[in-house]
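Structure file model09.csv (CSV, C-alpha atoms) follows.
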```csv
chain,number,residue,atom,x,y,z
Y,1,MET,CA,-47.9,8.5,-39.8
Y,2,PRO,CA,-46.7,11.8,-38.2
Y,3,ARG,CA,-43.1,11.8,-36.9
Y,4,ALA,CA,-42.5,12.3,-33.2
Y,5,ALA,CA,-41.3,15.7,-32.2
Y,6,PRO,CA,-37.5,15.7,-31.4
Y,7,ILE,CA,-36.6,15.9,-27.8
Y,8,PRO,CA,-34.9,19.2,-26.9
Y,9,PHE,CA,-31.2,19.1,-26.3
Y,10,GLU,CA,-31.6,20.6,-22.8
Y,11,THR,CA,-34.0,17.8,-21.8
Y,12,VAL,CA,-31.5,15.2,-23.0
Y,13,ARG,CA,-28.7,16.9,-21.1
Y,14,ILE,CA,-30.7,17.0,-17.9
Y,15,ARG,CA,-31.7,13.3,-18.2
Y,16,PHE,CA,-28.2,12.3,-18.9
Y,17,PHE,CA,-26.7,14.0,-15.8
Y,18,SER,CA,-29.6,12.7,-13.7
Y,19,VAL,CA,-28.7,9.2,-14.6
Y,20,ILE,CA,-25.0,9.9,-13.8
Y,21,ALA,CA,-26.0,11.3,-10.4
Y,22,ILE,CA,-28.1,8.2,-9.6
Y,23,VAL,CA,-25.2,5.9,-10.6
Y,24,VAL,CA,-22.7,7.8,-8.5
Y,25,CYS,CA,-25.0,7.8,-5.5
Y,26,THR,CA,-25.7,4.1,-5.9
Y,27,SER,CA,-22.0,3.4,-6.0
Y,28,SER,CA,-21.3,5.5,-2.9
Y,29,VAL,CA,-24.0,3.6,-1.0
Y,30,ALA,CA,-22.6,0.3,-2.2
Y,31,LEU,CA,-19.1,1.2,-1.0
Y,32,ALA,CA,-20.2,2.6,2.3
Y,33,ALA,CA,-19.4,0.8,5.6
Y,34,PRO,CA,-22.2,-1.5,6.9
Y,35,GLY,CA,-22.8,0.8,9.9
Y,36,THR,CA,-22.9,4.1,7.9
Y,37,ALA,CA,-26.7,4.1,7.4
Y,38,ALA,CA,-27.4,3.5,11.1
Y,39,PHE,CA,-24.9,6.2,12.1
Y,40,ASP,CA,-26.6,8.7,9.8
Y,41,ARG,CA,-30.0,7.8,11.4
Y,42,ALA,CA,-28.4,8.2,14.9
Y,43,LYS,CA,-27.1,11.7,14.1
Y,44,LYS,CA,-30.5,12.8,12.8
Y,45,ALA,CA,-32.3,11.4,15.8
Y,46,TRP,CA,-29.8,13.1,18.2
Y,47,ASP,CA,-30.3,16.4,16.4
Y,48,ASP,CA,-34.1,16.0,16.6
Y,49,GLY,CA,-33.9,15.3,20.3
Y,50,GLU,CA,-35.0,11.7,20.0
Y,51,ILE,CA,-32.6,10.3,22.5
Y,52,ASP,CA,-34.1,6.8,22.6
Y,53,GLY,CA,-33.9,6.4,18.9
Y,54,ALA,CA,-30.4,7.9,18.8
Y,55,GLU,CA,-29.1,5.5,21.5
Y,56,ARG,CA,-30.4,2.5,19.6
Y,57,ALA,CA,-29.1,3.7,16.2
Y,58,TYR,CA,-25.6,4.5,17.6
Y,59,GLN,CA,-25.5,1.0,19.1
Y,60,GLU,CA,-26.6,-0.5,15.8
Y,61,ALA,CA,-24.0,1.5,13.9
Y,62,LEU,CA,-21.2,0.1,16.1
Y,63,GLU,CA,-22.5,-3.5,15.8
Y,64,ARG,CA,-22.8,-3.3,12.0
Y,65,GLY,CA,-19.3,-2.0,12.0
Y,66,GLY,CA,-16.8,-0.9,9.4
Y,67,LEU,CA,-16.7,2.7,10.7
Y,68,ASP,CA,-13.5,4.7,10.3
Y,69,HIS,CA,-11.6,6.1,13.3
Y,70,GLN,CA,-13.4,9.4,13.7
Y,71,THR,CA,-16.8,7.9,13.2
Y,72,THR,CA,-16.2,5.2,15.7
Y,73,LEU,CA,-15.1,7.8,18.3
Y,74,ASP,CA,-18.2,9.9,17.6
Y,75,ALA,CA,-20.5,6.9,17.9
Y,76,TRP,CA,-19.1,5.9,21.4
Y,77,VAL,CA,-19.1,9.4,22.7
Y,78,HIS,CA,-22.7,10.0,21.6
Y,79,LEU,CA,-23.8,6.6,22.8
Y,80,GLY,CA,-22.4,7.4,26.3
Y,81,ALA,CA,-24.1,10.8,26.2
Y,82,ALA,CA,-27.4,9.3,25.2
Y,83,ARG,CA,-27.2,6.7,27.9
Y,84,ALA,CA,-26.4,9.3,30.5
Y,85,VAL,CA,-29.4,11.4,29.5
Y,86,LEU,CA,-31.6,8.3,29.7
Y,87,GLY,CA,-30.3,7.5,33.2
Y,88,ASN,CA,-28.2,4.4,32.3
Y,89,ARG,CA,-25.2,5.1,34.4
Y,90,THR,CA,-23.4,1.8,33.9
Y,91,GLY,CA,-23.9,1.8,30.1
Y,92,ALA,CA,-22.7,5.4,29.9
Y,93,LEU,CA,-19.5,4.7,31.8
Y,94,ALA,CA,-18.8,1.7,29.5
Y,95,ALA,CA,-19.3,3.7,26.4
Y,96,PHE,CA,-17.1,6.6,27.7
Y,97,ARG,CA,-14.4,4.1,28.6
Y,98,MET,CA,-14.4,2.8,25.0
Y,99,ALA,CA,-14.2,6.4,23.8
Y,100,LEU,CA,-11.2,7.0,26.0
Y,101,VAL,CA,-9.4,4.0,24.4
Y,102,ILE,CA,-9.8,5.7,21.1
Y,103,ASP,CA,-9.0,9.3,22.1
Y,104,ASP,CA,-8.6,10.3,25.8
Y,105,SER,CA,-9.2,14.0,24.8
Y,106,PHE,CA,-12.7,13.4,23.4
Y,107,VAL,CA,-15.3,16.1,24.1
Y,108,VAL,CA,-18.9,15.4,25.3
Y,109,PRO,CA,-21.5,17.3,23.3
Y,110,PRO,CA,-22.6,20.2,25.4
Y,111,GLU,CA,-26.3,19.6,24.7
Y,112,ALA,CA,-26.0,16.3,26.6
Y,113,GLY,CA,-26.0,18.2,29.9
Y,114,LYS,CA,-24.1,18.1,33.2
Y,115,LYS,CA,-25.0,14.5,33.9
Y,116,ALA,CA,-23.1,13.3,30.8
Y,117,LEU,CA,-20.2,15.5,31.6
Y,118,ALA,CA,-20.0,14.1,35.1
Y,119,LEU,CA,-20.1,10.5,33.9
Y,120,ALA,CA,-17.4,11.2,31.3
Y,121,ASP,CA,-15.1,12.6,34.1
Y,122,ALA,CA,-15.8,9.6,36.2
Y,123,ALA,CA,-14.8,7.3,33.4
Y,124,ARG,CA,-11.6,9.3,33.0
Y,125,HIS,CA,-10.7,8.8,36.6
Y,126,GLN,CA,-11.4,5.1,36.4
Y,127,ALA,CA,-9.3,4.7,33.3
Y,128,ASN,CA,-6.2,6.5,34.5
Y,129,ARG,CA,-4.2,3.3,34.5
Y,130,VAL,CA,-5.1,2.4,30.9
Y,131,PRO,CA,-3.8,4.9,28.3
Y,132,ALA,CA,-5.5,5.6,25.0
Y,133,LEU,CA,-4.7,3.0,22.3
Y,134,HIS,CA,-1.6,4.0,20.4
Y,135,LEU,CA,0.0,2.2,17.5
Y,136,SER,CA,3.8,2.6,17.2
Y,137,LEU,CA,4.7,1.8,13.6
Y,138,SER,CA,8.2,0.5,12.9
Y,139,ALA,CA,9.2,0.4,9.2
Y,140,PRO,CA,12.2,1.6,7.1
Y,141,ASP,CA,12.1,5.0,5.5
Y,142,GLU,CA,13.8,3.5,2.4
Y,143,THR,CA,13.9,-0.1,1.1
Y,144,PRO,CA,15.7,-1.7,-1.8
Y,145,SER,CA,13.8,-2.5,-5.0
Y,146,GLY,CA,12.7,-6.0,-5.7
Y,147,GLU,CA,13.0,-7.1,-2.1
Y,148,PRO,CA,10.4,-7.7,0.7
Y,149,PHE,CA,10.5,-5.6,3.9
Y,150,ALA,CA,8.9,-5.8,7.4
Y,151,VAL,CA,6.5,-3.6,9.1
Y,152,ASN,CA,6.1,-4.0,12.9
Y,153,VAL,CA,3.3,-2.6,15.1
Y,154,VAL,CA,4.0,-2.2,18.8
Y,155,LEU,CA,1.3,-1.8,21.4
Y,156,ALA,CA,1.4,-0.6,25.0
Y,157,ALA,CA,1.3,-3.3,27.6
Y,158,GLY,CA,-2.2,-4.7,28.2
Y,159,GLN,CA,-3.7,-3.2,25.0
Y,160,ALA,CA,-3.5,-6.2,22.8
Y,161,ALA,CA,-6.7,-7.6,24.4
Y,162,ILE,CA,-8.6,-4.6,23.2
Y,163,VAL,CA,-7.8,-5.2,19.6
Y,164,ALA,CA,-9.5,-8.0,17.7
Y,165,ARG,CA,-7.2,-7.7,14.6
Y,166,PHE,CA,-5.0,-5.4,12.6
Y,167,SER,CA,-5.5,-4.5,9.0
Y,168,LEU,CA,-2.6,-3.4,6.8
Y,169,HIS,CA,-3.0,-1.4,3.6
Y,170,VAL,CA,-0.1,-0.6,1.3
Y,171,GLU,CA,-0.6,1.5,-1.9
Y,172,ASP,CA,2.0,2.5,-4.5
Y,173,LYS,CA,1.2,6.1,-5.3
Y,174,THR,CA,2.9,5.9,-8.7
Y,175,THR,CA,1.1,2.8,-10.1
Y,176,ALA,CA,-1.9,2.6,-7.7
Y,177,LYS,CA,-0.9,-1.0,-7.0
Y,178,LYS,CA,-2.3,-2.2,-3.6
Y,179,PHE,CA,-1.6,-4.8,-1.0
Y,180,ASP,CA,-4.0,-5.7,1.9
Y,181,TYR,CA,-3.5,-8.1,4.8
Y,182,GLU,CA,-5.0,-8.8,8.2
Y,183,GLU,CA,-3.4,-10.2,11.3
Y,184,GLU,CA,-4.7,-11.1,14.7
Y,185,PRO,CA,-2.5,-9.9,17.6
Y,186,SER,CA,-0.7,-12.5,19.6
Y,187,GLY,CA,1.2,-10.1,21.8
Y,188,ALA,CA,2.4,-6.5,22.1
Y,189,VAL,CA,4.2,-6.7,18.7
Y,190,VAL,CA,2.6,-7.6,15.4
Y,191,HIS,CA,4.7,-8.4,12.4
Y,192,PHE,CA,3.8,-7.8,8.7
Y,193,ARG,CA,5.8,-8.7,5.6
Y,194,ILE,CA,5.4,-6.6,2.5
Y,195,PRO,CA,6.1,-8.7,-0.6
Y,196,ALA,CA,8.8,-7.9,-3.2
Y,197,SER,CA,6.1,-7.4,-5.8
Y,198,MET,CA,5.3,-4.1,-4.1
Y,199,THR,CA,8.8,-2.7,-4.2
Y,200,LEU,CA,9.1,-1.5,-7.7
Y,201,PRO,CA,12.1,0.8,-8.4
Y,202,SER,CA,11.6,4.4,-7.4
Y,203,ALA,CA,8.1,3.7,-6.0
Y,204,THR,CA,6.5,5.7,-3.1
Y,205,LEU,CA,4.6,3.4,-0.8
Y,206,HIS,CA,1.9,4.6,1.6
Y,207,VAL,CA,1.6,2.2,4.5
Y,208,ARG,CA,-1.5,2.3,6.8
Y,209,VAL,CA,-2.1,0.0,9.8
Y,210,ASN,CA,-5.5,0.0,11.6
Y,211,ALA,CA,-6.4,-1.5,14.9
Y,212,LEU,CA,-9.9,-3.0,14.6
Y,213,ASP,CA,-12.5,-4.2,17.1
Y,214,SER,CA,-14.6,-7.3,16.5
Y,215,HIS,CA,-16.9,-5.4,14.2
Y,216,ASP,CA,-14.1,-3.9,12.1
Y,217,ASN,CA,-14.5,-0.4,13.5
Y,218,GLU,CA,-11.2,1.5,13.6
Y,219,LEU,CA,-9.9,2.0,17.1
Y,220,ALA,CA,-6.5,3.5,16.2
Y,221,THR,CA,-4.5,4.0,13.0
Y,222,SER,CA,-0.9,4.8,12.1
Y,223,GLU,CA,0.6,5.7,8.7
Y,224,GLN,CA,4.0,6.0,7.1
Y,225,THR,CA,5.5,6.7,3.7
Y,226,ILE,CA,8.3,4.5,2.4
Y,227,THR,CA,10.5,5.2,-0.6
Y,228,VAL,CA,11.8,2.4,-2.8
Y,229,ARG,CA,15.4,3.0,-4.0
Y,230,PRO,CA,16.0,2.8,-7.8
Y,231,THR,CA,17.7,-0.2,-9.3
Y,232,PRO,CA,21.5,0.2,-8.6
Y,233,ILE,CA,23.9,0.7,-11.5
Y,234,ALA,CA,26.5,-2.0,-11.9
Y,235,GLU,CA,29.8,-1.1,-10.1
Y,236,ARG,CA,32.8,-0.2,-12.2
Y,237,HIS,CA,35.9,-2.5,-12.0
Y,238,PRO,CA,39.0,-0.7,-13.5
Y,239,GLN,CA,41.1,-3.8,-14.2
Y,240,ARG,CA,38.3,-5.7,-15.8
Y,241,ASP,CA,37.2,-2.7,-17.8
Y,242,GLU,CA,40.8,-2.1,-19.0
Y,243,LEU,CA,41.1,-5.7,-20.1
Y,244,HIS,CA,37.7,-5.4,-21.8
Y,245,ALA,CA,38.9,-2.2,-23.6
Y,246,ALA,CA,42.1,-3.9,-24.6
Y,247,MET,CA,40.2,-6.8,-26.1
Y,248,HIS,CA,37.3,-4.9,-27.6
Y,249,GLY,CA,38.6,-1.4,-28.1
Y,250,GLY,CA,41.5,0.4,-29.8
Y,251,PHE,CA,43.3,-1.4,-32.6
Y,252,TRP,CA,41.3,-4.6,-32.1
Y,253,SER,CA,38.0,-2.8,-32.6
Y,254,THR,CA,39.0,-1.6,-36.1
Y,255,ALA,CA,38.9,-3.5,-39.5
Y,256,TRP,CA,42.7,-3.7,-39.7
Y,257,PRO,CA,43.1,-7.1,-37.9
Y,258,TRP,CA,40.7,-8.5,-40.5
Y,259,VAL,CA,42.5,-6.9,-43.5
Y,260,ILE,CA,45.9,-8.1,-42.3
Y,261,GLY,CA,44.6,-11.5,-41.5
Y,262,GLY,CA,43.1,-11.8,-44.9
Y,263,VAL,CA,46.4,-10.7,-46.6
Y,264,LEU,CA,48.3,-13.3,-44.6
Y,265,VAL,CA,45.9,-16.0,-45.4
Y,266,ALA,CA,46.0,-15.1,-49.1
Y,267,ALA,CA,49.8,-15.0,-49.1
Y,268,GLY,CA,50.0,-18.3,-47.4
Y,269,GLY,CA,47.7,-19.8,-49.9
Y,270,ALA,CA,49.7,-18.5,-52.8
Y,271,VAL,CA,52.9,-19.8,-51.4
Y,272,GLY,CA,51.4,-23.2,-50.7
Y,273,GLY,CA,49.8,-23.3,-54.2
Y,274,TYR,CA,53.2,-22.5,-55.7
Y,275,TYR,CA,54.9,-25.4,-54.0
Y,276,LEU,CA,52.1,-27.8,-54.8
Y,277,LEU,CA,51.8,-27.0,-58.4
Y,278,LYS,CA,55.5,-26.3,-59.3
Y,279,PRO,CA,56.9,-29.2,-61.5
Y,280,PRO,CA,59.6,-31.2,-59.9
Y,281,ASP,CA,63.3,-30.5,-60.7
Y,282,ARG,CA,65.0,-33.1,-62.9
Y,283,VAL,CA,68.0,-34.4,-60.9
Y,284,SER,CA,70.2,-37.4,-62.1
Y,285,ILE,CA,72.3,-39.3,-59.8
Y,286,GLY,CA,75.1,-41.5,-61.3
Y,287,VAL,CA,77.4,-41.7,-64.3
Y,288,PRO,CA,76.0,-40.0,-67.4
Y,289,GLN,CA,75.3,-42.6,-70.2
Y,290,THR,CA,76.5,-42.0,-73.8
Y,291,ASN,CA,75.2,-43.5,-76.9
```
Structure rendered as structure tokens:
Amino acid sequence: MPRAAPIPFETVRIRFFSVIAIVVCTSSVALAAPGTAAFDRAKKAWDDGEIDGAERAYQEALERGGLDHQTTLDAWVHLGAARAVLGNRTGALAAFRMALVIDDSFVVPPEAGKKALALADAARHQANRVPALHLSLSAPDETPSGEPFAVNVVLAAGQAAIVARFSLHVEDKTTAKKFDYEEEPSGAVVHFRIPASMTLPSATLHVRVNALDSHDNELATSEQTITVRPTPIAERHPQRDELHAAMHGGFWSTAWPWVIGGVLVAAGGAVGGYYLLKPPDRVSIGVPQTN
């Protein structure tokens, strides 16, 4: 039976890297936010001039959610622009108002035309009393090792109703250890507690807090780096140290006390043995008797 011809090395190499590329692409898709695919379709439809399809896809991307801060802003701005082009004034104003909450300096794409620019300006005038969402993060620059610490997030008055929940992400840059937590706002201040398990000595912690809507899209974000102090060295106590040195150092730390003690014990034993084993002295009391 004839043997099969060997596969050329170059062919094997190409197939190997093709498989690696497929695995990497599959992993990237699996880790992508739920709304990412719809957002990509929306961008393509917008670039192709398919405004109806773009409007629907941007709406779908926001509803599927999980978009980061910049993508969320782009989706709301383009959704408002698409609605303006389609003649949906009310919908365009609502989308632009949400974009203002995220970033009040957003730019309308110039290809959207004058109608979209005018509606964006109208939304700005209507929203003058509501500033853009801003997270004020309050956390220590340094914290002791082995102890928990607090992170507080402060919102402007009236902005708590815009946020569905906050997500906290803490990562130790040295060990890659992570801590994640979510909290629903109950007022203008939200409190987080970072556990002591994250405060390893000399660690550098990166803290990130995100304000999320009901679909987990990021409306605002704030970050801070916190340094964990190293484990403190025990304090020096002069009097206690001198006593310790007197007991455990100098003459008492040498072999002489043992030698001297051994000699004394040996001498004492010899004296005691002498007196124990020595025959008694013959002493007579009374008148000597004669034969």
Task: Point (0.8, -5.8, 23.9), cut-off 10 Å, counting all atoms listed in the file, residues as JSON, numbers by chain - done: {"Y": [153, 154, 155, 156, 157, 158, 159, 160, 161, 162, 163, 185, 186, 187, 188, 189, 190]}
Task: Residues within 9 Å of Pro144 in chain Y, all atoms listed in the file, excluding chain neighbours under 2 positions, as a VMD selection string - done: chain Y and resid 142 146 to 149 199 to 201 227 to 231
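Distances from Y:Ala45, Y:Ala75, Y:Ala123, Y:Ala176 to Tyr58 in chain Y were compared using only C-alpha atoms, and the smallest one belongs to Y:Ala75.
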So that I can check the surroundings of Val85 in chain Y, please list as a CSV table (one decimal) with C-alpha atoms, keeping the file's coordinate frame every protein, DNA and RNA residue that reaches within 7 Å of it, counting all atoms listed in the file and ignoring chain neighbours fewer than 2 positions away.
```
chain,number,residue,atom,x,y,z
Y,81,ALA,CA,-24.1,10.8,26.2
Y,82,ALA,CA,-27.4,9.3,25.2
Y,83,ARG,CA,-27.2,6.7,27.9
Y,87,GLY,CA,-30.3,7.5,33.2
Y,112,ALA,CA,-26.0,16.3,26.6
Y,115,LYS,CA,-25.0,14.5,33.9
Y,116,ALA,CA,-23.1,13.3,30.8
```
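Checking Y:Val77, Y:Met98, Y:Leu212, Y:Ile226 one by one against Ala139 in chain Y, counting all atoms listed in the file, you find the shortest gap at Y:Ile226.
With all atoms listed in the file as the basis for measurement, Y:Ala150 is the residue among Y:Ala164, Y:Ala211, Y:Ala150, Y:Ala122 that approaches Pro195 in chain Y most closely.
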- [ ] Skip Ala94 in chain Y itself and residues of its chain fewer than 4 positions away, then list as JSON, numbers by chain all residues within 10 Å of it, counting only C-alpha atoms.
- [x] {"Y": [76, 79, 80, 83, 89, 90, 98, 99, 100, 119, 120, 123]}
TODO: Report the distance between CA of His191 in chain Y and CA of Ser138 in chain Y in Å, rounded to one decimal place.
DONE: 9.6 Å
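Residue nearest Gly91 in chain Y within the list Y:Glu63, Y:Asp180, Y:Glu55, Y:Asp48: Y:Glu55 [criterion: smallest interatomic distance, only C-alpha atoms].
Computed from the coordinates, the CA of Leu93 in chain Y to CA of Glu218 in chain Y distance equals 20.3 Å.
Here CA of Phe39 in chain Y is placed at a distance of 10.5 Å from CA of His78 in chain Y.
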